[in-house]
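Source file: protein-v2.cif (mmCIF, C-alpha atoms)
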```
data_input
#
loop_
_atom_site.label_atom_id
_atom_site.label_comp_id
_atom_site.auth_asym_id
_atom_site.auth_seq_id
_atom_site.Cartn_x
_atom_site.Cartn_y
_atom_site.Cartn_z
CA MET I 1 139.35 136.54 221.98
CA PRO I 2 135.66 137.31 221.33
CA VAL I 3 134.56 140.93 221.41
CA ASP I 4 132.29 141.93 224.28
CA PRO I 5 128.75 142.47 222.91
CA ARG I 6 128.60 145.88 224.61
CA ASP I 7 131.74 146.93 222.76
CA ARG I 8 130.28 145.65 219.48
CA VAL I 9 127.24 147.87 220.05
CA LEU I 10 129.36 150.87 221.02
CA ASP I 11 131.61 150.41 217.97
CA ALA I 12 128.55 150.25 215.72
CA PHE I 13 127.10 153.33 217.42
CA GLU I 14 130.31 155.28 216.75
CA ARG I 15 130.28 154.27 213.07
CA SER I 16 126.60 155.12 212.76
CA LEU I 17 126.90 158.53 214.34
CA LEU I 18 129.61 159.51 211.88
CA VAL I 19 127.10 158.99 209.08
CA HIS I 20 123.79 159.87 210.75
CA GLY I 21 124.83 162.02 213.72
CA VAL I 22 124.04 161.24 217.31
CA GLN I 23 120.35 162.05 216.96
CA GLY I 24 119.96 160.06 213.74
CA SER I 25 121.59 156.91 215.11
CA SER I 26 118.55 154.90 216.09
CA PHE I 27 118.80 151.46 217.66
CA ALA I 28 117.78 150.02 214.27
CA ARG I 29 120.55 151.91 212.43
CA ILE I 30 123.11 150.89 215.03
CA ALA I 31 122.05 147.26 214.71
CA ALA I 32 122.25 147.44 210.92
CA GLU I 33 125.70 149.00 211.12
CA GLY I 34 126.90 146.30 213.51
CA GLY I 35 125.25 143.38 211.76
CA PHE I 36 123.22 142.27 214.76
CA HIS I 37 119.60 142.45 215.90
CA ARG I 38 118.25 145.62 217.45
CA SER I 39 117.39 143.67 220.61
CA LEU I 40 121.13 143.44 221.40
CA VAL I 41 121.27 147.23 221.71
CA GLN I 42 118.13 147.29 223.84
CA HIS I 43 119.31 144.44 226.04
CA HIS I 44 122.63 146.06 226.92
CA PHE I 45 121.65 149.72 227.09
CA LYS I 46 117.85 149.90 227.57
CA THR I 47 117.67 153.61 226.67
CA ARG I 48 119.32 156.04 224.30
CA GLU I 49 120.61 158.04 227.28
CA ARG I 50 122.43 154.99 228.66
CA LEU I 51 123.91 154.23 225.24
CA VAL I 52 125.18 157.80 224.83
CA ALA I 53 126.58 157.81 228.39
CA ALA I 54 128.39 154.50 227.88
CA CYS I 55 129.86 155.64 224.56
CA LEU I 56 131.05 158.91 226.06
CA ASP I 57 132.51 157.21 229.12
CA ARG I 58 134.42 154.75 226.93
CA LEU I 59 135.66 157.55 224.69
CA VAL I 60 136.87 159.65 227.62
CA GLU I 61 138.54 156.62 229.20
CA ARG I 62 140.41 155.85 225.96
CA TYR I 63 141.61 159.42 225.56
CA LEU I 64 142.74 159.69 229.18
CA SER I 65 144.58 156.39 228.94
CA ARG I 66 146.37 157.53 225.79
CA LEU I 67 147.14 160.89 227.40
CA SER I 68 148.86 159.06 230.26
CA GLU I 69 150.91 157.00 227.81
CA VAL I 70 151.99 160.08 225.85
CA ARG I 71 152.95 161.94 229.02
CA ALA I 72 154.95 158.91 230.22
CA GLU I 73 156.91 158.96 226.93
CA ASP I 74 157.79 162.65 227.34
CA PRO I 75 155.94 165.01 229.72
CA SER I 76 156.95 168.18 227.87
CA THR I 77 154.32 170.59 226.60
CA SER I 78 155.91 170.49 223.15
CA HIS I 79 155.57 166.69 222.93
CA LEU I 80 151.94 166.81 224.08
CA LEU I 81 151.10 169.51 221.54
CA ASP I 82 152.82 167.50 218.80
CA TRP I 83 150.64 164.52 219.73
CA LEU I 84 147.47 166.61 219.95
CA CYS I 85 148.11 168.04 216.49
CA SER I 86 149.30 164.79 214.93
CA PRO I 87 148.10 163.86 211.44
CA HIS I 88 145.45 161.48 212.73
CA GLY I 89 144.07 163.61 215.53
CA PRO I 90 144.59 163.25 219.24
CA GLU I 91 143.58 159.58 219.49
CA GLY I 92 145.26 158.16 216.44
CA PRO I 93 142.44 156.86 214.22
CA PRO I 94 140.43 159.86 212.96
CA ARG I 95 137.15 158.21 213.95
CA GLN I 96 137.69 159.01 217.62
CA ALA I 97 138.21 162.73 216.99
CA LYS I 98 135.14 162.82 214.76
CA VAL I 99 133.11 161.07 217.44
CA VAL I 100 134.19 163.72 219.94
CA ASP I 101 133.11 166.41 217.45
CA ALA I 102 129.69 164.78 217.08
CA PHE I 103 129.22 164.77 220.83
CA VAL I 104 130.50 168.35 221.19
CA ALA I 105 127.78 169.44 218.77
CA LEU I 106 125.20 167.64 220.92
CA ALA I 107 126.64 169.13 224.13
CA ASN I 108 125.17 172.51 223.15
CA THR I 109 121.67 171.17 223.84
CA ASP I 110 122.33 168.23 226.16
CA PRO I 111 123.76 169.11 229.60
CA ALA I 112 124.46 165.43 230.40
CA VAL I 113 126.70 165.13 227.33
CA ALA I 114 128.44 168.41 228.21
CA ALA I 115 129.06 167.19 231.75
CA ARG I 116 130.66 163.97 230.47
CA LEU I 117 132.87 165.77 227.94
CA ALA I 118 134.09 168.52 230.26
CA PRO I 119 136.53 166.26 232.19
CA LEU I 120 138.15 165.21 228.91
CA TYR I 121 138.94 168.77 227.92
CA GLU I 122 139.91 169.60 231.50
CA ALA I 123 142.43 166.73 231.60
CA PHE I 124 144.13 167.95 228.43
CA VAL I 125 144.15 171.57 229.62
CA GLU I 126 145.69 170.48 232.93
CA ALA I 127 148.28 168.30 231.19
CA LEU I 128 149.65 171.23 229.21
CA ASP I 129 152.13 173.34 231.16
CA LEU I 130 150.53 176.54 229.91
CA PRO I 131 148.20 179.19 231.34
CA ARG I 132 144.58 178.02 231.08
CA ARG I 133 143.70 180.82 228.66
CA THR I 134 146.37 179.44 226.32
CA ALA I 135 145.96 175.72 226.99
CA PHE I 136 142.22 175.59 226.31
CA PRO I 137 142.41 177.08 222.79
CA CYS I 138 145.23 174.63 221.96
CA VAL I 139 143.10 171.68 223.09
CA ALA I 140 140.00 172.98 221.29
CA LEU I 141 142.05 173.60 218.16
CA SER I 142 143.50 170.08 218.19
CA PHE I 143 140.12 168.36 218.54
CA GLY I 144 138.36 170.67 216.10
CA ARG I 145 141.12 170.46 213.50
CA ALA I 146 141.01 166.68 213.56
CA GLY I 147 137.31 166.76 212.75
CA LEU I 148 137.70 169.44 210.07
CA GLU I 149 140.47 167.57 208.24
CA VAL I 150 137.77 165.75 206.28
CA LEU I 151 136.88 169.04 204.58
CA GLY I 152 140.29 169.14 202.94
CA LEU I 153 140.91 172.74 203.94
CA PRO I 154 144.59 173.72 203.98
CA GLU I 155 144.06 175.47 207.31
CA ALA I 156 142.90 172.19 208.90
CA THR I 157 146.25 170.48 208.57
CA THR I 158 148.61 169.19 211.20
CA GLY I 159 151.20 171.83 210.37
CA SER I 160 148.86 174.79 210.58
CA ALA I 161 147.32 173.54 213.83
CA ARG I 162 150.74 173.00 215.39
CA GLU I 163 151.92 176.43 214.23
CA ALA I 164 148.84 178.05 215.78
CA CYS I 165 149.55 176.25 219.05
CA ARG I 166 153.17 177.42 218.94
CA CYS I 167 151.98 180.99 218.49
CA LEU I 168 149.49 180.68 221.34
CA ALA I 169 152.09 179.10 223.61
CA GLY I 170 154.77 181.57 222.60
CA ALA I 171 157.15 178.73 221.73
#
```

Here is the file; what I need is its structure written in the form of structure tokens.
Amino acid sequence: MPVDPRDRVLDAFERSLLVHGVQGSSFARIAAEGGFHRSLVQHHFKTRERLVAACLDRLVERYLSRLSEVRAEDPSTSHLLDWLCSPHGPEGPPRQAKVVDAFVALANTDPAVAARLAPLYEAFVEALDLPRRTAFPCVALSFGRAGLEVLGLPEATTGSAREACRCLAGA
């Protein structure tokens, strides 16, 4: 089945932002990354703001869908924390966690990005059967650890993240 051109652009944008950051991922760089003409990006998204919004919306949708699947397997807090701290980050392929990190960095200066990311974190906090003051650090730790794994720090491992969550949760 052929890939939707919008998805091709969004996939190329994600790959580009891992190398160049969100701000450095111009339409030309995205097109070069995806192997298509820049006009494809412009045709489907018109503006950078629309491209960022579409990428964030798709990312949040994917995470929320996977969260539902994980909860259906086993709704326990322990199972959810194990998944959040899994070796490949909360989404499976590390790219997704790194993409979230790139957008979190942009959220400090872009209220529209922050507003789109907030429901993602909120959904994970709500899914954990923990007090909010405990659940939020566990969620932040899981996303941040996944992005920091690339540094090769021993503290940014699955085991250390899971142990920190156990300590926070008192379990």

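Distances here use only C-alpha atoms; by that measure, the residue among I:Arg48, I:Arg166, I:Arg58, I:Arg66 closest to Thr134 (chain I) is I:Arg166.
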
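Taking CA of Glu69 (chain I) and CA of Cys138 (chain I) as the two end points, the separation is 19.4 Å.
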
* To do: Rank nothing, just name the residue among I:Trp83, I:Phe45, I:Phe136, I:Phe143 nearest to Leu168 (chain I), using all atoms listed in the file.
  => I:Phe136

* May I have the residues within 8 Å of Tyr121 (chain I) as number ranges by chain, using all atoms listed in the file and disregarding those fewer than 2 positions away in the same chain? => I: 117-119, 123-125, 136, 139-140

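Of note, CA of Leu51 (chain I) and CA of Leu64 (chain I) are spaced 20.0 Å apart.
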
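Atom pair CA of Ala97 (chain I) / CA of Phe27 (chain I): separated by 22.5 Å.
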
* Asked: Do you know which residues are at most 10 Å from Leu141 (chain I) counting all atoms listed in the file, after dropping those on the same chain fewer than 2 positions away, and could you put them as JSON, numbers by chain?
  -> {"I": [84, 85, 135, 136, 137, 138, 139, 143, 144, 145, 146, 147, 156, 161, 162, 164, 165]}

* Asked: Using only C-alpha atoms, which residue out of I:Leu17, I:Val41, I:Leu56, I:Ser25 lies closest to Leu120 (chain I)?
  -> I:Leu56

* To do: List, as a list in words, every residue that the PyMOL selection byres ((chain I and resi 19) around 12) selects in the file provided.
  => Ala12, Phe13, Glu14, Arg15, Ser16, Leu17, Leu18, His20, Gly21, Val22, Gln23, Gly24, Ser25, Ser26, Arg29, Ile30, Glu33, Arg95, Lys98, Val99 and Ala102 of chain I

Go ahead and write the selection's residues with C-alpha atoms as a compact mmCIF listing (two decimals), in the coordinates of the input.
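Ended up saving to again_36.txt:
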```
# COMPACT_ATOMS: atom_id res chain seq x y z
CA ALA I 12 128.55 150.25 215.72
CA PHE I 13 127.10 153.33 217.42
CA GLU I 14 130.31 155.28 216.75
CA ARG I 15 130.28 154.27 213.07
CA SER I 16 126.60 155.12 212.76
CA LEU I 17 126.90 158.53 214.34
CA LEU I 18 129.61 159.51 211.88
CA HIS I 20 123.79 159.87 210.75
CA GLY I 21 124.83 162.02 213.72
CA VAL I 22 124.04 161.24 217.31
CA GLN I 23 120.35 162.05 216.96
CA GLY I 24 119.96 160.06 213.74
CA SER I 25 121.59 156.91 215.11
CA SER I 26 118.55 154.90 216.09
CA ARG I 29 120.55 151.91 212.43
CA ILE I 30 123.11 150.89 215.03
CA GLU I 33 125.70 149.00 211.12
CA ARG I 95 137.15 158.21 213.95
CA LYS I 98 135.14 162.82 214.76
CA VAL I 99 133.11 161.07 217.44
CA ALA I 102 129.69 164.78 217.08
```

* To do: Can you give me, as a ChimeraX atom specification, the residues this file yields under the PyMOL selection byres ((chain I and resi 128) around 9)?
  => /I:75-78,80-81,123-127,129-132,135,139

* Pick from I:Val100, I:Val3, I:Val113, I:Ala31 nearest to His43 (chain I), counting only C-alpha atoms ->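 Distance minimum relative to His43 (chain I) lands on I:Ala31.
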
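Nearest-residue note for Ala112 (chain I): choosing from I:Lys46, I:Val52, I:Pro5, I:Leu40, the minimum distance belongs to I:Val52, counting all atoms listed in the file.
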
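Nearest-residue note for Gln42 (chain I): choosing from I:Val9, I:Ala54, I:Leu59, I:Val70, the minimum distance belongs to I:Val9, counting all atoms listed in the file.
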
Would you compute the box with edges along x, y and z of the file around region 55-64 of chain I, including every atom the file lists for it and 6 Å extra on each side, and give its centre and edge lengths in Å to one decimal, as AutoDock Vina command-line options?
```
--center_x 136.3 --center_y 157.2 --center_z 226.9 --size_x 24.9 --size_y 16.9 --size_z 16.6
```
